[in-house]
Structure formats: C-alpha cells, structure tokens
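*Asks:* You'll find entry18.json just under this line, and it carries JSON, C-alpha atoms.
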```
[["chain", "number", "residue", "atom", "x", "y", "z"],
["A", 1251, "MET", "CA", -8.01, 134.47, -55.37],
["A", 1252, "VAL", "CA", -7.66, 130.69, -54.81],
["A", 1253, "GLN", "CA", -5.48, 129.59, -51.95],
["A", 1254, "HIS", "CA", -3.71, 126.31, -52.29],
["A", 1255, "ARG", "CA", -3.01, 124.35, -49.18],
["A", 1256, "LEU", "CA", -0.19, 121.97, -48.89],
["A", 1257, "PRO", "CA", -0.78, 118.90, -46.76],
["A", 1258, "MET", "CA", 1.30, 118.69, -43.61],
["A", 1259, "LEU", "CA", 1.95, 115.03, -44.23],
["A", 1260, "PRO", "CA", 2.24, 113.17, -47.50],
["A", 1261, "SER", "CA", -0.80, 111.07, -48.31],
["A", 1262, "ALA", "CA", -0.62, 107.40, -47.52],
["A", 1263, "GLY", "CA", -0.07, 105.03, -50.38],
["A", 1264, "GLU", "CA", -2.51, 102.21, -51.01],
["A", 1265, "VAL", "CA", -1.65, 98.55, -50.73],
["A", 1266, "PRO", "CA", -3.65, 95.41, -51.52],
["A", 1267, "TRP", "CA", -5.06, 93.69, -48.43],
["A", 1268, "ILE", "CA", -6.58, 90.22, -48.22],
["A", 1269, "ALA", "CA", -8.00, 88.70, -45.06],
["A", 1270, "SER", "CA", -10.74, 86.34, -44.00],
["A", 1271, "VAL", "CA", -13.26, 88.45, -42.08],
["A", 1272, "ASN", "CA", -15.87, 86.31, -40.34],
["A", 1273, "GLY", "CA", -15.27, 83.51, -42.81],
["A", 1274, "THR", "CA", -15.52, 85.65, -45.94],
["A", 1275, "GLU", "CA", -12.42, 86.55, -47.91],
["A", 1276, "LYS", "CA", -12.07, 90.32, -48.27],
["A", 1277, "LYS", "CA", -9.83, 91.75, -51.00],
["A", 1278, "LEU", "CA", -9.42, 95.46, -50.47],
["A", 1279, "ASN", "CA", -7.10, 98.30, -51.30],
["A", 1280, "ILE", "CA", -6.24, 100.06, -48.06],
["A", 1281, "GLU", "CA", -4.04, 102.95, -47.05],
["A", 1282, "ASN", "CA", -0.73, 101.53, -45.87],
["A", 1283, "ASN", "CA", -1.11, 103.30, -42.52],
["A", 1284, "ALA", "CA", -4.78, 102.43, -41.91],
["A", 1285, "ILE", "CA", -5.74, 100.97, -38.57],
["A", 1286, "LEU", "CA", -7.63, 97.70, -38.58],
["A", 1287, "LEU", "CA", -10.66, 99.22, -36.84],
["A", 1288, "ASP", "CA", -11.20, 101.65, -39.73],
["A", 1289, "VAL", "CA", -10.71, 98.98, -42.39],
["A", 1290, "LEU", "CA", -13.16, 96.63, -40.67],
["A", 1291, "ARG", "CA", -15.84, 99.29, -40.17],
["A", 1292, "ASP", "CA", -15.43, 101.42, -43.29],
["A", 1293, "GLN", "CA", -14.38, 98.91, -45.91],
["A", 1294, "ALA", "CA", -15.22, 95.39, -44.70],
["A", 1295, "GLY", "CA", -18.65, 96.32, -43.30],
["A", 1296, "SER", "CA", -18.13, 94.97, -39.77],
["A", 1297, "LEU", "CA", -19.96, 97.68, -37.88],
["A", 1298, "GLY", "CA", -20.18, 95.61, -34.69],
["A", 1299, "THR", "CA", -16.57, 96.49, -33.96],
["A", 1300, "LYS", "CA", -16.91, 99.69, -31.93],
["A", 1301, "ARG", "CA", -14.71, 102.75, -31.74],
["A", 1302, "GLY", "CA", -14.34, 103.65, -28.11],
["A", 1303, "CYS", "CA", -11.23, 105.38, -26.85],
["A", 1304, "ASP", "CA", -8.80, 105.02, -29.80],
["A", 1305, "MET", "CA", -6.07, 104.49, -27.18],
["A", 1306, "GLY", "CA", -6.38, 100.80, -26.33],
["A", 1307, "THR", "CA", -7.90, 101.32, -22.89],
["A", 1308, "CYS", "CA", -11.58, 100.37, -23.32],
["A", 1309, "GLY", "CA", -11.60, 97.10, -25.31],
["A", 1310, "CYS", "CA", -14.67, 98.05, -27.39],
["A", 1311, "CYS", "CA", -12.76, 97.38, -30.61],
["A", 1312, "SER", "CA", -11.56, 93.88, -29.66],
["A", 1313, "VAL", "CA", -11.42, 91.35, -32.49],
["A", 1314, "LEU", "CA", -9.81, 87.94, -32.89],
["A", 1315, "ILE", "CA", -6.84, 87.75, -35.23],
["A", 1316, "ASP", "CA", -6.00, 84.12, -35.91],
["A", 1317, "GLY", "CA", -7.90, 83.27, -32.71],
["A", 1318, "GLU", "CA", -6.10, 85.75, -30.45],
["A", 1319, "PRO", "CA", -7.85, 88.82, -29.00],
["A", 1320, "ARG", "CA", -6.40, 92.09, -30.29],
["A", 1321, "LEU", "CA", -7.36, 95.73, -30.05],
["A", 1322, "SER", "CA", -8.17, 96.79, -33.59],
["A", 1323, "CYS", "CA", -7.62, 100.47, -32.76],
["A", 1324, "LEU", "CA", -3.95, 99.75, -32.03],
["A", 1325, "THR", "CA", -3.36, 97.29, -34.88],
["A", 1326, "LEU", "CA", -2.27, 98.40, -38.31],
["A", 1327, "ALA", "CA", -4.41, 96.69, -40.91],
["A", 1328, "VAL", "CA", -1.30, 95.57, -42.81],
["A", 1329, "GLU", "CA", -0.35, 93.53, -39.71],
["A", 1330, "ALA", "CA", -3.52, 91.48, -40.23],
["A", 1331, "ASP", "CA", -2.98, 90.94, -43.96],
["A", 1332, "GLY", "CA", -3.50, 87.27, -44.73],
["A", 1333, "CYS", "CA", -5.03, 86.56, -41.32],
["A", 1334, "LYS", "CA", -8.33, 85.17, -40.14],
["A", 1335, "ILE", "CA", -10.23, 87.96, -38.38],
["A", 1336, "THR", "CA", -13.34, 87.37, -36.28],
["A", 1337, "THR", "CA", -15.52, 90.24, -35.15],
["A", 1338, "VAL", "CA", -18.65, 90.03, -33.01],
["A", 1339, "GLU", "CA", -20.67, 89.34, -36.18],
["A", 1340, "GLY", "CA", -18.62, 86.19, -36.76],
["A", 1341, "LEU", "CA", -19.39, 84.56, -33.40],
["A", 1342, "ALA", "CA", -22.86, 83.35, -34.37],
["A", 1343, "ASP", "CA", -23.32, 80.25, -36.50],
["A", 1344, "GLY", "CA", -25.84, 81.51, -39.02],
["A", 1345, "HIS", "CA", -29.00, 82.23, -37.06],
["A", 1346, "HIS", "CA", -27.72, 80.38, -33.99],
["A", 1347, "LEU", "CA", -26.08, 82.68, -31.48],
["A", 1348, "HIS", "CA", -22.87, 81.67, -29.76],
["A", 1349, "PRO", "CA", -23.62, 80.66, -26.14],
["A", 1350, "ILE", "CA", -21.78, 83.76, -24.91],
["A", 1351, "GLN", "CA", -24.16, 85.95, -26.96],
["A", 1352, "GLU", "CA", -27.20, 84.09, -25.61],
["A", 1353, "MET", "CA", -26.04, 84.38, -22.01],
["A", 1354, "PHE", "CA", -25.18, 88.08, -22.24],
["A", 1355, "ALA", "CA", -28.80, 88.64, -23.25],
["A", 1356, "GLU", "CA", -30.25, 86.27, -20.66],
["A", 1357, "CYS", "CA", -28.04, 87.22, -17.69],
["A", 1358, "GLY", "CA", -27.98, 90.97, -18.29],
["A", 1359, "GLY", "CA", -24.34, 91.10, -19.34],
["A", 1360, "SER", "CA", -25.05, 94.05, -21.59],
["A", 1361, "GLN", "CA", -26.81, 97.21, -20.54],
["A", 1362, "CYS", "CA", -26.38, 100.02, -23.07],
["A", 1363, "GLY", "CA", -24.58, 97.52, -25.32],
["A", 1364, "PHE", "CA", -21.76, 99.72, -26.57],
["A", 1365, "CYS", "CA", -18.97, 97.70, -24.90],
["A", 1366, "THR", "CA", -20.69, 94.36, -25.48],
["A", 1367, "PRO", "CA", -19.01, 93.41, -28.80],
["A", 1368, "GLY", "CA", -15.55, 93.68, -27.23],
["A", 1369, "PHE", "CA", -16.58, 91.64, -24.20],
["A", 1370, "LEU", "CA", -18.20, 88.97, -26.39],
["A", 1371, "VAL", "CA", -15.13, 88.57, -28.57],
["A", 1372, "VAL", "CA", -12.72, 88.37, -25.62],
["A", 1373, "ALA", "CA", -15.02, 86.00, -23.70],
["A", 1374, "SER", "CA", -15.40, 83.70, -26.73],
["A", 1375, "SER", "CA", -11.63, 83.44, -26.94],
["A", 1376, "LEU", "CA", -11.40, 82.63, -23.24],
["A", 1377, "LEU", "CA", -14.01, 79.89, -23.55],
["A", 1378, "GLU", "CA", -12.36, 78.47, -26.67],
["A", 1379, "ASN", "CA", -9.08, 78.09, -24.79],
["A", 1380, "ASN", "CA", -10.51, 77.32, -21.34],
["A", 1381, "PRO", "CA", -14.08, 75.98, -21.49],
["A", 1382, "SER", "CA", -14.35, 75.90, -17.70],
["A", 1383, "PRO", "CA", -12.74, 79.07, -16.30],
["A", 1384, "ASN", "CA", -13.11, 80.05, -12.67],
["A", 1385, "ASP", "CA", -14.17, 83.57, -11.70],
["A", 1386, "GLU", "CA", -10.59, 84.80, -11.34],
["A", 1387, "GLU", "CA", -9.71, 83.53, -14.82],
["A", 1388, "ILE", "CA", -12.81, 85.24, -16.22],
["A", 1389, "LYS", "CA", -11.95, 88.53, -14.51],
["A", 1390, "SER", "CA", -8.38, 88.30, -15.75],
["A", 1391, "ALA", "CA", -9.53, 87.68, -19.34],
["A", 1392, "ILE", "CA", -11.86, 90.71, -19.38],
["A", 1393, "GLU", "CA", -9.66, 93.12, -17.45],
["A", 1394, "GLY", "CA", -8.87, 95.10, -20.62],
["A", 1395, "ASN", "CA", -12.55, 95.78, -21.33],
["A", 1396, "LEU", "CA", -14.43, 98.63, -19.70],
["A", 1397, "CYS", "CA", -18.15, 98.78, -18.98],
["A", 1398, "ARG", "CA", -19.74, 101.86, -17.49],
["A", 1399, "CYS", "CA", -23.17, 100.31, -16.89],
["A", 1400, "THR", "CA", -23.15, 96.83, -15.33],
["A", 1401, "GLY", "CA", -20.61, 96.73, -12.53],
["A", 1402, "TYR", "CA", -19.16, 93.58, -14.16],
["A", 1403, "GLN", "CA", -20.94, 90.93, -12.03],
["A", 1404, "GLN", "CA", -23.53, 90.28, -14.75],
["A", 1405, "ILE", "CA", -20.72, 89.97, -17.27],
["A", 1406, "VAL", "CA", -18.91, 87.38, -15.14],
["A", 1407, "ASP", "CA", -22.22, 85.56, -14.58],
["A", 1408, "SER", "CA", -22.88, 85.56, -18.35],
["A", 1409, "ILE", "CA", -19.47, 84.07, -19.12],
["A", 1410, "ARG", "CA", -19.87, 81.42, -16.41],
["A", 1411, "ALA", "CA", -23.34, 80.48, -17.78],
["A", 1412, "ALA", "CA", -21.95, 80.25, -21.33],
["A", 1413, "SER", "CA", -19.19, 78.01, -20.01],
["A", 1414, "GLU", "CA", -21.79, 75.67, -18.51],
["A", 1415, "ILE", "CA", -23.60, 75.48, -21.87],
["A", 1416, "LEU", "CA", -20.40, 74.72, -23.76],
["A", 1417, "ILE", "CA", -19.42, 72.02, -21.27],
["A", 1418, "SER", "CA", -22.87, 70.41, -21.46],
["A", 1419, "GLU", "CA", -22.71, 70.47, -25.28],
["A", 1420, "GLU", "CA", -19.34, 68.70, -25.19],
["A", 1421, "THR", "CA", -20.75, 66.06, -22.85],
["A", 1422, "ILE", "CA", -23.74, 65.47, -25.15],
["A", 1423, "GLU", "CA", -21.47, 65.20, -28.21],
["A", 1424, "ASP", "CA", -19.22, 62.72, -26.39],
["A", 1425, "SER", "CA", -22.14, 60.52, -25.32],
["A", 1426, "THR", "CA", -23.73, 60.41, -28.77],
["A", 1427, "SER", "CA", -20.65, 59.98, -30.90],
["A", 1428, "PRO", "CA", -20.15, 56.52, -32.41],
["A", 1429, "LYS", "CA", -18.08, 54.13, -30.35],
["A", 1430, "SER", "CA", -16.14, 51.12, -31.47],
["A", 1431, "ASP", "CA", -17.91, 47.80, -31.08],
["A", 1432, "PRO", "CA", -17.30, 46.51, -27.55],
["A", 1433, "HIS", "CA", -17.93, 42.96, -28.80],
["A", 1434, "PRO", "CA", -15.90, 42.47, -31.98],
["A", 1435, "GLY", "CA", -16.70, 39.26, -33.76],
["A", 1436, "PHE", "CA", -20.21, 39.04, -32.28],
["A", 1437, "THR", "CA", -22.65, 38.64, -35.16],
["A", 1438, "GLY", "CA", -25.86, 38.50, -33.13],
["A", 1439, "GLU", "CA", -26.57, 34.83, -33.85]]
```
Show the structure stored in the file as structure tokens.
*Replies:*
Amino acid sequence: MVQHRLPMLPSAGEVPWIASVNGTEKKLNIENNAILLDVLRDQAGSLGTKRGCDMGTCGCCSVLIDGEPRLSCLTLAVEADGCKITTVEGLADGHHLHPIQEMFAECGGSQCGFCTPGFLVVASSLLENNPSPNDEEIKSAIEGNLCRCTGYQQIVDSIRAASEILISEETIEDSTSPKSDPHPGFTGE
C-alpha cells in the first residue's frame, strides 16, 4: 500500500532573479522565499559565503549588497534582485588579493578560517568608507562577526595594516598622477 503525504506548507513558487555577483551577471530562477545565502552558495557558486548560525549572530555569511554589509542568512534573495552583490570571492582583483586579504594572512587574522570571509567583507566595506579607521571604529565595524579562535587582536591588527597599505597606495597614486603645467606658456626656448 502506497501512502501519500501531503506537504505541510505549499511549495514556493519560482521567480526570475537577476543580480551582479562579483561583477558577473547571474540570471537565475529562484524560489520566491529563498534566502540569499542559499542562492549564492547553491545556485550562483559563491561557496566562500559561509553558513554559520542561520540566525544573524555570527556574521559568517556577510556579503555586500550595493556596497553595504548585509547578513545573507537574514536577507531574502528577492530583496537583492537587481543589486550588485560582492562576496569574499569578489574582493580580489584577478590574481591580486585585496589588501585586507593579504593582511589577514600576514598578521594572523584568520585561524581556522571559517569566519574569515565575513570579516573580510565587513572590513573591506569599512576601509572603503573610512580608509583610516581608529581601533574603536574597527571594533565597532566588526562587532557583528564572531571568531572563536583569534581573540580579535590579530583581526584588528590585520585591518589596521590593510588601512596603512590603502593609504600608501592613495599617496602613490596622488604623487604620480599628471598635474597641470605650473608654467603655462613656457615653451622651453
């Protein structure tokens, strides 16, 4: 005898979803109640976004949506339809790591590495908006991210070191960019 089971809840309908994920346009059909974390991992291939607590308390799933840090486990994917989404994979410029990624490796900002993607994404946003944060601003920016390995000092040190790199890069760009001629009309004769 075959038993038929009725679902407790009706199945979710599918909707078209388009977003720029790490600079690549993704056109997907998603369930209308899907969370962004699942869409990014299961359909868009962004496995760097980690599932931690599923309650918004650990920060492992942090992504940037139109430049703002958001917890992808608490965001419906349809809320990010048409948006620019950056995951940890999108921080690097090709083979060149973002300074925050370099400094996490150099300064010991990651231990087991599970929480690292969330910290990197949140820290990159901080440095984009405030290239020279003090320690209190750094601590405030990362307060929604949990790490069970480092004790946080290495994370703060990593962000501060990345800040110094970004500031030095801005200074180099400013000193090498073309300037207007300080002696207009001078022909060298």
*Asks:* Looking at all atoms listed in the file, which of A:Ile1405, A:Val1271, A:Ile1315, A:Leu1321 is the one that sits closest to A:Arg1301?
*Replies:* A:Leu1321
*Asks:* Distance atom CA of A:Asn1379-atom CA of A:Met1305, one decimal place?
*Replies:*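 Distance between the two atoms: 26.7 Å.
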*Asks:* Go through A:Val1328, A:Cys1323, A:Leu1259, A:Leu1314 one by one, measure the shortest atom-to-atom distance of each to A:Leu1278 using only C-alpha atoms, and give the residue with the smallest value.
*Replies:*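 Result for the nearest residue to A:Leu1278: A:Val1328.
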*Asks:* Between atom CA of A:Gln1351 and atom CA of A:Ser1322, what is the distance, to one decimal in Å?
*Replies:*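 About the pair atom CA of A:Gln1351 and atom CA of A:Ser1322: they are 20.4 Å apart.
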*Asks:* Which is closer to A:Gly1344 than all the others in A:Ser1261, A:Ser1413, A:Asn1272, A:Thr1325, using only C-alpha atoms?
*Replies:*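 The answer is A:Asn1272, which sits nearest to A:Gly1344.
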*Asks:* Of the candidates A:Gly1368, A:Gly1401, A:Pro1381, A:Gly1358, which shows the shortest atom-to-atom distance to A:Thr1299, using only C-alpha atoms?
*Replies:* A:Gly1368
*Asks:* Could you give me, as a PyMOL selection string, the residues within 7 Å of A:Ser1270, counting all atoms listed in the file and dropping anything in the same chain fewer than 4 positions from it?
*Replies:* chain A and resi 1274-1276+1333-1335
*Asks:* I'd like to know which of A:Ala1411, A:Ser1296, A:Asn1380, A:Glu1393 is closest to A:Ile1350, using only C-alpha atoms.
*Replies:*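 Looking at the shortest contact to A:Ile1350, the residue is A:Ala1411.
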*Asks:* Restricting the calculation to only C-alpha atoms, which member of A:Ser1418, A:Ser1390, A:Gln1403, A:Gln1293 is positioned closest to A:Cys1357?
*Replies:*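 Nearest to A:Cys1357: A:Gln1403.
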*Asks:* Distance atom CA of A:Gly1306-atom CA of A:Pro1260, one decimal place?
*Replies:*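 Answer for the atom CA of A:Gly1306 to atom CA of A:Pro1260 separation: 26.0 Å.
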*Asks:* With N, CA and C atoms as the goal, would you fill in the gaps in stretch 1290-1312 of chain A and present it as a PDB file, keeping the file's coordinate frame?
*Replies:*
```
ATOM      1  N   LEU A1290     -12.035  97.518 -40.955  1.00  0.00           N
ATOM      2  CA  LEU A1290     -13.160  96.630 -40.670  1.00  0.00           C
ATOM      3  C   LEU A1290     -14.498  97.363 -40.764  1.00  0.00           C
ATOM      4  N   ARG A1291     -14.582  98.537 -40.181  1.00  0.00           N
ATOM      5  CA  ARG A1291     -15.840  99.290 -40.170  1.00  0.00           C
ATOM      6  C   ARG A1291     -16.146  99.921 -41.525  1.00  0.00           C
ATOM      7  N   ASP A1292     -15.165 100.607 -42.100  1.00  0.00           N
ATOM      8  CA  ASP A1292     -15.430 101.420 -43.290  1.00  0.00           C
ATOM      9  C   ASP A1292     -15.344 100.673 -44.606  1.00  0.00           C
ATOM     10  N   GLN A1293     -14.560  99.605 -44.645  1.00  0.00           N
ATOM     11  CA  GLN A1293     -14.380  98.910 -45.910  1.00  0.00           C
ATOM     12  C   GLN A1293     -14.892  97.480 -45.899  1.00  0.00           C
ATOM     13  N   ALA A1294     -14.786  96.790 -44.758  1.00  0.00           N
ATOM     14  CA  ALA A1294     -15.220  95.390 -44.700  1.00  0.00           C
ATOM     15  C   ALA A1294     -16.657  95.254 -44.206  1.00  0.00           C
ATOM     16  N   GLY A1295     -17.249  96.349 -43.709  1.00  0.00           N
ATOM     17  CA  GLY A1295     -18.650  96.320 -43.300  1.00  0.00           C
ATOM     18  C   GLY A1295     -18.931  95.688 -41.956  1.00  0.00           C
ATOM     19  N   SER A1296     -17.935  95.566 -41.098  1.00  0.00           N
ATOM     20  CA  SER A1296     -18.130  94.970 -39.770  1.00  0.00           C
ATOM     21  C   SER A1296     -18.387  96.078 -38.758  1.00  0.00           C
ATOM     22  N   LEU A1297     -19.619  96.546 -38.734  1.00  0.00           N
ATOM     23  CA  LEU A1297     -19.960  97.680 -37.880  1.00  0.00           C
ATOM     24  C   LEU A1297     -20.106  97.310 -36.412  1.00  0.00           C
ATOM     25  N   GLY A1298     -20.108  96.032 -36.085  1.00  0.00           N
ATOM     26  CA  GLY A1298     -20.180  95.610 -34.690  1.00  0.00           C
ATOM     27  C   GLY A1298     -18.926  95.947 -33.911  1.00  0.00           C
ATOM     28  N   THR A1299     -17.819  96.098 -34.604  1.00  0.00           N
ATOM     29  CA  THR A1299     -16.570  96.490 -33.960  1.00  0.00           C
ATOM     30  C   THR A1299     -16.685  97.972 -33.644  1.00  0.00           C
ATOM     31  N   LYS A1300     -16.638  98.312 -32.361  1.00  0.00           N
ATOM     32  CA  LYS A1300     -16.910  99.690 -31.930  1.00  0.00           C
ATOM     33  C   LYS A1300     -15.646 100.504 -31.709  1.00  0.00           C
ATOM     34  N   ARG A1301     -15.759 101.780 -32.039  1.00  0.00           N
ATOM     35  CA  ARG A1301     -14.710 102.750 -31.740  1.00  0.00           C
ATOM     36  C   ARG A1301     -15.038 103.330 -30.385  1.00  0.00           C
ATOM     37  N   GLY A1302     -14.125 103.115 -29.442  1.00  0.00           N
ATOM     38  CA  GLY A1302     -14.340 103.650 -28.110  1.00  0.00           C
ATOM     39  C   GLY A1302     -13.365 104.765 -27.812  1.00  0.00           C
ATOM     40  N   CYS A1303     -12.197 104.391 -27.341  1.00  0.00           N
ATOM     41  CA  CYS A1303     -11.230 105.380 -26.850  1.00  0.00           C
ATOM     42  C   CYS A1303     -10.140 105.722 -27.869  1.00  0.00           C
ATOM     43  N   ASP A1304      -9.895 104.860 -28.842  1.00  0.00           N
ATOM     44  CA  ASP A1304      -8.800 105.020 -29.800  1.00  0.00           C
ATOM     45  C   ASP A1304      -7.426 105.021 -29.134  1.00  0.00           C
ATOM     46  N   MET A1305      -7.349 104.521 -27.900  1.00  0.00           N
ATOM     47  CA  MET A1305      -6.070 104.490 -27.180  1.00  0.00           C
ATOM     48  C   MET A1305      -5.765 103.115 -26.593  1.00  0.00           C
ATOM     49  N   GLY A1306      -6.624 102.142 -26.841  1.00  0.00           N
ATOM     50  CA  GLY A1306      -6.380 100.800 -26.330  1.00  0.00           C
ATOM     51  C   GLY A1306      -6.729 100.606 -24.877  1.00  0.00           C
ATOM     52  N   THR A1307      -7.586 101.462 -24.315  1.00  0.00           N
ATOM     53  CA  THR A1307      -7.900 101.320 -22.890  1.00  0.00           C
ATOM     54  C   THR A1307      -9.303 100.816 -22.608  1.00  0.00           C
ATOM     55  N   CYS A1308     -10.193 100.749 -23.615  1.00  0.00           N
ATOM     56  CA  CYS A1308     -11.580 100.370 -23.320  1.00  0.00           C
ATOM     57  C   CYS A1308     -11.958  98.973 -23.798  1.00  0.00           C
ATOM     58  N   GLY A1309     -11.300  98.444 -24.815  1.00  0.00           N
ATOM     59  CA  GLY A1309     -11.600  97.100 -25.310  1.00  0.00           C
ATOM     60  C   GLY A1309     -12.786  96.995 -26.231  1.00  0.00           C
ATOM     61  N   CYS A1310     -13.481  98.100 -26.524  1.00  0.00           N
ATOM     62  CA  CYS A1310     -14.670  98.050 -27.390  1.00  0.00           C
ATOM     63  C   CYS A1310     -14.361  97.526 -28.786  1.00  0.00           C
ATOM     64  N   CYS A1311     -13.140  97.733 -29.238  1.00  0.00           N
ATOM     65  CA  CYS A1311     -12.760  97.380 -30.610  1.00  0.00           C
ATOM     66  C   CYS A1311     -12.118  95.996 -30.712  1.00  0.00           C
ATOM     67  N   SER A1312     -12.220  95.191 -29.660  1.00  0.00           N
ATOM     68  CA  SER A1312     -11.560  93.880 -29.660  1.00  0.00           C
ATOM     69  C   SER A1312     -12.071  92.985 -30.785  1.00  0.00           C
TER      70      SER A1312
END
```
